[in-house]
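One file, target-v1.cif, is given below (mmCIF, C-alpha atoms).
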```cif
data_entry
#
loop_
_atom_site.group_PDB
_atom_site.id
_atom_site.type_symbol
_atom_site.label_atom_id
_atom_site.label_comp_id
_atom_site.auth_asym_id
_atom_site.auth_seq_id
_atom_site.Cartn_x
_atom_site.Cartn_y
_atom_site.Cartn_z
ATOM 1 C CA MET A 178 -34.181 -64.778 -46.885
ATOM 2 C CA LYS A 179 -33.158 -65.225 -50.534
ATOM 3 C CA LEU A 180 -30.224 -62.836 -50.104
ATOM 4 C CA ARG A 181 -28.994 -64.811 -47.113
ATOM 5 C CA THR A 182 -29.166 -68.043 -49.139
ATOM 6 C CA ILE A 183 -27.264 -66.473 -52.036
ATOM 7 C CA VAL A 184 -24.547 -65.111 -49.732
ATOM 8 C CA LEU A 185 -24.207 -68.474 -47.981
ATOM 9 C CA ALA A 186 -23.969 -70.308 -51.323
ATOM 10 C CA ALA A 187 -21.308 -67.880 -52.553
ATOM 11 C CA ALA A 188 -19.271 -68.329 -49.366
ATOM 12 C CA CYS A 189 -19.457 -72.120 -49.648
ATOM 13 C CA SER A 190 -18.389 -71.958 -53.299
ATOM 14 C CA ALA A 191 -15.431 -69.734 -52.445
ATOM 15 C CA PHE A 192 -14.345 -72.149 -49.707
ATOM 16 C CA ALA A 193 -14.625 -75.140 -52.041
ATOM 17 C CA PHE A 194 -12.630 -73.284 -54.703
ATOM 18 C CA ALA A 195 -9.877 -72.394 -52.241
ATOM 19 C CA ALA A 196 -9.635 -75.992 -51.018
ATOM 20 C CA ASN A 197 -9.042 -77.173 -54.594
ATOM 21 C CA ALA A 198 -6.534 -74.497 -55.561
ATOM 22 C CA ALA A 199 -2.754 -74.270 -55.285
ATOM 23 C CA GLU A 200 -1.392 -72.451 -52.275
ATOM 24 C CA MET A 201 0.029 -69.032 -53.199
ATOM 25 C CA LEU A 202 2.657 -67.752 -50.772
ATOM 26 C CA ALA A 203 5.081 -64.886 -50.422
ATOM 27 C CA TYR A 204 8.594 -66.342 -50.614
ATOM 28 C CA ASP A 205 10.133 -67.082 -47.257
ATOM 29 C CA VAL A 206 13.352 -69.129 -47.146
ATOM 30 C CA ASN A 207 12.228 -71.276 -44.198
ATOM 31 C CA SER A 208 8.827 -72.074 -45.684
ATOM 32 C CA PHE A 209 10.366 -72.807 -49.076
ATOM 33 C CA ASN A 210 13.056 -75.078 -47.596
ATOM 34 C CA ALA A 211 10.434 -76.991 -45.587
ATOM 35 C CA ALA A 212 8.297 -77.515 -48.706
ATOM 36 C CA LEU A 213 11.358 -78.556 -50.701
ATOM 37 C CA LYS A 214 12.426 -81.026 -48.000
ATOM 38 C CA ALA A 215 8.882 -82.438 -47.859
ATOM 39 C CA GLY A 216 9.014 -83.035 -51.619
ATOM 40 C CA ASP A 217 6.041 -80.764 -52.292
ATOM 41 C CA PRO A 218 5.431 -79.641 -55.881
ATOM 42 C CA ILE A 219 6.655 -76.040 -56.063
ATOM 43 C CA LEU A 220 6.543 -73.137 -58.503
ATOM 44 C CA VAL A 221 8.806 -70.151 -57.816
ATOM 45 C CA ASP A 222 7.428 -67.092 -59.610
ATOM 46 C CA VAL A 223 9.973 -64.256 -59.814
ATOM 47 C CA LYS A 224 8.201 -61.029 -60.677
ATOM 48 C CA ALA A 225 8.342 -57.260 -60.470
ATOM 49 C CA SER A 226 5.387 -54.905 -60.118
ATOM 50 C CA TRP A 227 6.568 -52.844 -63.107
ATOM 51 C CA CYS A 228 7.152 -55.846 -65.426
ATOM 52 C CA PRO A 229 4.668 -56.207 -68.330
ATOM 53 C CA THR A 230 5.797 -59.786 -69.018
ATOM 54 C CA CYS A 231 5.117 -60.715 -65.386
ATOM 55 C CA LYS A 232 1.657 -59.166 -65.686
ATOM 56 C CA ALA A 233 1.001 -61.273 -68.783
ATOM 57 C CA GLN A 234 2.123 -64.441 -66.964
ATOM 58 C CA ALA A 235 -0.022 -63.812 -63.881
ATOM 59 C CA PRO A 236 -3.474 -64.777 -65.236
ATOM 60 C CA ILE A 237 -2.052 -67.947 -66.804
ATOM 61 C CA VAL A 238 -0.397 -69.000 -63.538
ATOM 62 C CA GLU A 239 -3.583 -68.142 -61.607
ATOM 63 C CA LYS A 240 -5.738 -70.182 -63.997
ATOM 64 C CA ILE A 241 -3.487 -73.211 -63.666
ATOM 65 C CA ALA A 242 -3.269 -72.757 -59.886
ATOM 66 C CA ALA A 243 -7.072 -72.828 -59.667
ATOM 67 C CA SER A 244 -7.193 -76.292 -61.221
ATOM 68 C CA PRO A 245 -7.919 -79.129 -58.752
ATOM 69 C CA GLU A 246 -5.119 -81.014 -60.510
ATOM 70 C CA TYR A 247 -2.637 -78.659 -58.819
ATOM 71 C CA LYS A 248 -4.242 -78.384 -55.379
ATOM 72 C CA THR A 249 -1.006 -79.536 -53.676
ATOM 73 C CA LEU A 250 1.180 -77.075 -55.626
ATOM 74 C CA LYS A 251 2.864 -74.355 -53.592
ATOM 75 C CA ILE A 252 3.510 -71.154 -55.516
ATOM 76 C CA TYR A 253 6.139 -68.876 -54.006
ATOM 77 C CA ASP A 254 6.189 -65.276 -55.239
ATOM 78 C CA VAL A 255 9.644 -63.709 -55.232
ATOM 79 C CA ASP A 256 9.884 -59.934 -55.592
ATOM 80 C CA PHE A 257 12.639 -59.187 -58.099
ATOM 81 C CA ASP A 258 13.347 -55.741 -56.628
ATOM 82 C CA THR A 259 13.510 -56.583 -52.926
ATOM 83 C CA GLN A 260 14.422 -60.266 -52.486
ATOM 84 C CA LYS A 261 17.988 -60.265 -53.820
ATOM 85 C CA ASP A 262 19.043 -63.198 -51.589
ATOM 86 C CA ALA A 263 16.369 -65.366 -53.227
ATOM 87 C CA LEU A 264 17.517 -64.308 -56.707
ATOM 88 C CA LYS A 265 21.050 -65.348 -55.802
ATOM 89 C CA LYS A 266 19.870 -68.663 -54.320
ATOM 90 C CA PHE A 267 17.972 -69.546 -57.513
ATOM 91 C CA GLY A 268 20.514 -68.059 -59.947
ATOM 92 C CA VAL A 269 17.911 -65.681 -61.361
ATOM 93 C CA ARG A 270 19.000 -62.688 -63.435
ATOM 94 C CA MET A 271 15.656 -61.538 -64.834
ATOM 95 C CA GLN A 272 12.158 -60.947 -63.608
ATOM 96 C CA SER A 273 9.467 -63.116 -65.261
ATOM 97 C CA THR A 274 11.410 -66.259 -64.321
ATOM 98 C CA LEU A 275 9.402 -69.351 -63.412
ATOM 99 C CA ILE A 276 11.117 -72.313 -61.714
ATOM 100 C CA VAL A 277 9.484 -75.637 -60.853
ATOM 101 C CA PHE A 278 10.505 -78.313 -58.361
ATOM 102 C CA ARG A 279 9.370 -81.877 -57.834
ATOM 103 C CA ASN A 280 10.523 -84.145 -55.004
ATOM 104 C CA GLY A 281 13.087 -81.570 -53.882
ATOM 105 C CA VAL A 282 14.742 -81.190 -57.300
ATOM 106 C CA GLU A 283 14.458 -78.430 -59.889
ATOM 107 C CA THR A 284 12.680 -79.919 -62.909
ATOM 108 C CA GLY A 285 12.461 -76.870 -65.165
ATOM 109 C CA ARG A 286 12.582 -73.119 -65.600
ATOM 110 C CA SER A 287 11.587 -70.509 -68.122
ATOM 111 C CA VAL A 288 12.226 -66.812 -68.563
ATOM 112 C CA GLY A 289 9.748 -64.500 -70.239
ATOM 113 C CA ASP A 290 7.320 -67.165 -71.474
ATOM 114 C CA THR A 291 3.811 -65.742 -71.754
ATOM 115 C CA THR A 292 2.147 -68.604 -73.596
ATOM 116 C CA ASP A 293 -0.495 -70.731 -71.949
ATOM 117 C CA GLY A 294 0.991 -73.888 -73.476
ATOM 118 C CA GLY A 295 4.542 -73.130 -72.395
ATOM 119 C CA ILE A 296 3.657 -72.228 -68.817
ATOM 120 C CA SER A 297 1.278 -75.202 -68.541
ATOM 121 C CA ALA A 298 3.994 -77.567 -69.785
ATOM 122 C CA LEU A 299 6.477 -76.128 -67.304
ATOM 123 C CA ILE A 300 4.111 -76.456 -64.337
ATOM 124 C CA ALA A 301 3.225 -80.003 -65.425
ATOM 125 C CA LYS A 302 6.831 -80.897 -64.558
ATOM 126 C CA THR A 303 5.841 -80.626 -60.871
ATOM 127 C CA LYS A 304 3.689 -83.777 -61.178
#
```
Rendering of file as structure tokens:
Amino acid sequence: MKLRTIVLAAACSAFAFAANAAEMLAYDVNSFNAALKAGDPILVDVKASWCPTCKAQAPIVEKIAASPEYKTLKIYDVDFDTQKDALKKFGVRMQSTLIVFRNGVETGRSVGDTTDGGISALIAKTK
């Protein structure tokens, strides 16, 4: 009985966490354009699986995304190696590029920043 209660509590906590976290999505042009048109706060995270800078950025982005303050934020992951059309659309030349949008307009971008303060300040531009 105790195990059942613990499992149920853990499931409820996970659901509550997910409801208060940013939505993380694989980049899709139609989904992105709809979010942009709706004026949703957006972070575009351009990364590559082999990139150490991208790996250093990931836990910072995930921590910020988990904050209830950013529960309406949509985070679109763009694969640097396979999504060349997206790179062209955003004018991206390097992996580890972060771009933020607010009300349908780009409000900031950074390349290679791995500091908590820098990434937090960038994402704050979506509010």
Compile the contact shell of A:Arg286 as number ranges by chain: residues with an atom at most 9 Å away, counting all atoms listed in the file, same-chain residues fewer than 3 positions apart removed.
A: 274-277, 283, 299
Serialized selection, C-alpha atoms, as a PDB file, in the coordinates of the input:
```
ATOM      1  CA  THR A 274      11.410 -66.259 -64.321  1.00  0.00           C
ATOM      2  CA  LEU A 275       9.402 -69.351 -63.412  1.00  0.00           C
ATOM      3  CA  ILE A 276      11.117 -72.313 -61.714  1.00  0.00           C
ATOM      4  CA  VAL A 277       9.484 -75.637 -60.853  1.00  0.00           C
ATOM      5  CA  GLU A 283      14.458 -78.430 -59.889  1.00  0.00           C
ATOM      6  CA  LEU A 299       6.477 -76.128 -67.304  1.00  0.00           C
TER       7      LEU A 299
END
```
Excluding A:Ala215 and its own-chain neighbours fewer than 6 positions away, which residues fall within 12 Å of it when counting only C-alpha atoms? Please give them as a PyMOL selection string.
chain A and resi 208-209+249+251+278-282
Using all atoms listed in the file for the distances, tell me which of A:Pro236, A:Gly295, A:Pro218, A:Gly289 is nearest to A:Ile252.
A:Pro218
Compute the distance from (-1.6, -74.8, -52.3) to each atom, counting all atoms listed in the file, keep the residues with any atom at most 9 Å away, and return them as a list of chain:residue names; use the coordinates of the file.
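Protein, DNA and RNA residues close to (-1.6, -74.8, -52.3): A:Ala195, A:Ala196, A:Asn197, A:Ala198, A:Ala199, A:Glu200, A:Met201, A:Leu202, A:Ala242, A:Tyr247, A:Lys248, A:Thr249, A:Leu250, A:Lys251, A:Ile252.
One finds atom CA of A:Gly216 at 24.5 Å from atom CA of A:Ala235.
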Which of these, A:Val288, A:Val206, A:Ala233, A:Leu220, has the shortest distance to A:Thr303 once you count all atoms listed in the file?
A:Leu220
Looking at A:Asp262, A:Glu239, A:Asp205, A:Asp217, which one is nearest to A:Ile296, with distances taken over all atoms listed in the file?
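Checking each of A:Asp262, A:Glu239, A:Asp205, A:Asp217 against A:Ile296, counting all atoms listed in the file, the winner is A:Glu239.
Of note, atom CA of A:Lys214 and atom CA of A:Gly268 are spaced 19.4 Å apart.
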Which residue out of A:Lys302, A:Lys232, A:Arg270, A:Lys224 has the minimum interatomic distance to A:Tyr253 when all atoms listed in the file are used?
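Using all atoms listed in the file, the shortest distance to A:Tyr253 belongs to A:Lys224.
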Counting all atoms listed in the file, the option among A:Pro245, A:Thr230, A:Asn207, A:Val223 closest to A:Lys265
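Closest to A:Lys265, using all atoms listed in the file: A:Val223.
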So how many Å separate atom CA of A:Asp254 and atom CA of A:Lys240, to one decimal?
15.6 Å
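Minimum atom-to-atom distance to A:Thr291, evaluated using only C-alpha atoms, belongs to A:Ile237 out of A:Ile237, A:Ser226, A:Leu264, A:Tyr204.
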Output as AutoDock Vina command-line options the centre and edge lengths (Å, one decimal) of the box along x, y and z of the file that holds every listed atom of stretch 286-301 of chain A after adding 3 Å on each side.
```
--center_x 6.0 --center_y -72.3 --center_z -69.0 --size_x 19.1 --size_y 21.5 --size_z 15.3
```
Could you rebuild stretch 236-263 of chain A with N, CA and C atoms and give it back as a tab-separated table (two decimals), in the frame of the given file?
```
chain	number	residue	atom	x	y	z
A	236	PRO	N	-2.18	-64.10	-65.09
A	236	PRO	CA	-3.47	-64.78	-65.24
A	236	PRO	C	-3.34	-66.24	-65.67
A	237	ILE	N	-2.27	-66.55	-66.38
A	237	ILE	CA	-2.05	-67.95	-66.80
A	237	ILE	C	-1.69	-68.79	-65.58
A	238	VAL	N	-0.79	-68.29	-64.76
A	238	VAL	CA	-0.40	-69.00	-63.54
A	238	VAL	C	-1.61	-69.15	-62.62
A	239	GLU	N	-2.40	-68.09	-62.47
A	239	GLU	CA	-3.58	-68.14	-61.61
A	239	GLU	C	-4.60	-69.16	-62.11
A	240	LYS	N	-4.79	-69.22	-63.42
A	240	LYS	CA	-5.74	-70.18	-64.00
A	240	LYS	C	-5.28	-71.62	-63.71
A	241	ILE	N	-4.02	-71.87	-63.92
A	241	ILE	CA	-3.49	-73.21	-63.67
A	241	ILE	C	-3.57	-73.53	-62.17
A	242	ALA	N	-3.24	-72.56	-61.34
A	242	ALA	CA	-3.27	-72.76	-59.89
A	242	ALA	C	-4.68	-73.08	-59.39
A	243	ALA	N	-5.68	-72.60	-60.08
A	243	ALA	CA	-7.07	-72.83	-59.67
A	243	ALA	C	-7.55	-74.24	-60.00
A	244	SER	N	-6.81	-74.95	-60.81
A	244	SER	CA	-7.19	-76.29	-61.22
A	244	SER	C	-7.03	-77.27	-60.06
A	245	PRO	N	-8.04	-78.12	-59.81
A	245	PRO	CA	-7.92	-79.13	-58.75
A	245	PRO	C	-6.71	-80.06	-58.95
A	246	GLU	N	-6.28	-80.18	-60.18
A	246	GLU	CA	-5.12	-81.01	-60.51
A	246	GLU	C	-3.85	-80.54	-59.79
A	247	TYR	N	-3.81	-79.25	-59.46
A	247	TYR	CA	-2.64	-78.66	-58.82
A	247	TYR	C	-2.92	-78.20	-57.39
A	248	LYS	N	-3.87	-78.84	-56.72
A	248	LYS	CA	-4.24	-78.38	-55.38
A	248	LYS	C	-3.12	-78.54	-54.35
A	249	THR	N	-2.13	-79.39	-54.61
A	249	THR	CA	-1.01	-79.54	-53.68
A	249	THR	C	0.19	-78.66	-54.05
A	250	LEU	N	0.10	-77.95	-55.17
A	250	LEU	CA	1.18	-77.08	-55.63
A	250	LEU	C	1.33	-75.87	-54.70
A	251	LYS	N	2.57	-75.57	-54.36
A	251	LYS	CA	2.86	-74.36	-53.59
A	251	LYS	C	3.54	-73.37	-54.55
A	252	ILE	N	2.97	-72.19	-54.63
A	252	ILE	CA	3.51	-71.15	-55.52
A	252	ILE	C	4.13	-70.07	-54.64
A	253	TYR	N	5.43	-69.89	-54.77
A	253	TYR	CA	6.14	-68.88	-54.01
A	253	TYR	C	6.43	-67.68	-54.91
A	254	ASP	N	5.92	-66.52	-54.52
A	254	ASP	CA	6.19	-65.28	-55.24
A	254	ASP	C	7.46	-64.64	-54.70
A	255	VAL	N	8.39	-64.37	-55.59
A	255	VAL	CA	9.64	-63.71	-55.23
A	255	VAL	C	9.64	-62.33	-55.88
A	256	ASP	N	9.84	-61.30	-55.08
A	256	ASP	CA	9.88	-59.93	-55.59
A	256	ASP	C	11.29	-59.65	-56.12
A	257	PHE	N	11.36	-59.40	-57.42
A	257	PHE	CA	12.64	-59.19	-58.10
A	257	PHE	C	13.41	-58.00	-57.53
A	258	ASP	N	12.69	-56.97	-57.09
A	258	ASP	CA	13.35	-55.74	-56.63
A	258	ASP	C	13.82	-55.79	-55.18
A	259	THR	N	13.19	-56.62	-54.36
A	259	THR	CA	13.51	-56.58	-52.93
A	259	THR	C	14.10	-57.87	-52.36
A	260	GLN	N	13.96	-58.99	-53.05
A	260	GLN	CA	14.42	-60.27	-52.49
A	260	GLN	C	15.68	-60.77	-53.22
A	261	LYS	N	16.73	-59.97	-53.11
A	261	LYS	CA	17.99	-60.26	-53.82
A	261	LYS	C	18.63	-61.57	-53.35
A	262	ASP	N	18.49	-61.93	-52.07
A	262	ASP	CA	19.04	-63.20	-51.59
A	262	ASP	C	18.39	-64.38	-52.30
A	263	ALA	N	17.08	-64.28	-52.52
A	263	ALA	CA	16.37	-65.37	-53.23
A	263	ALA	C	16.84	-65.45	-54.68
```
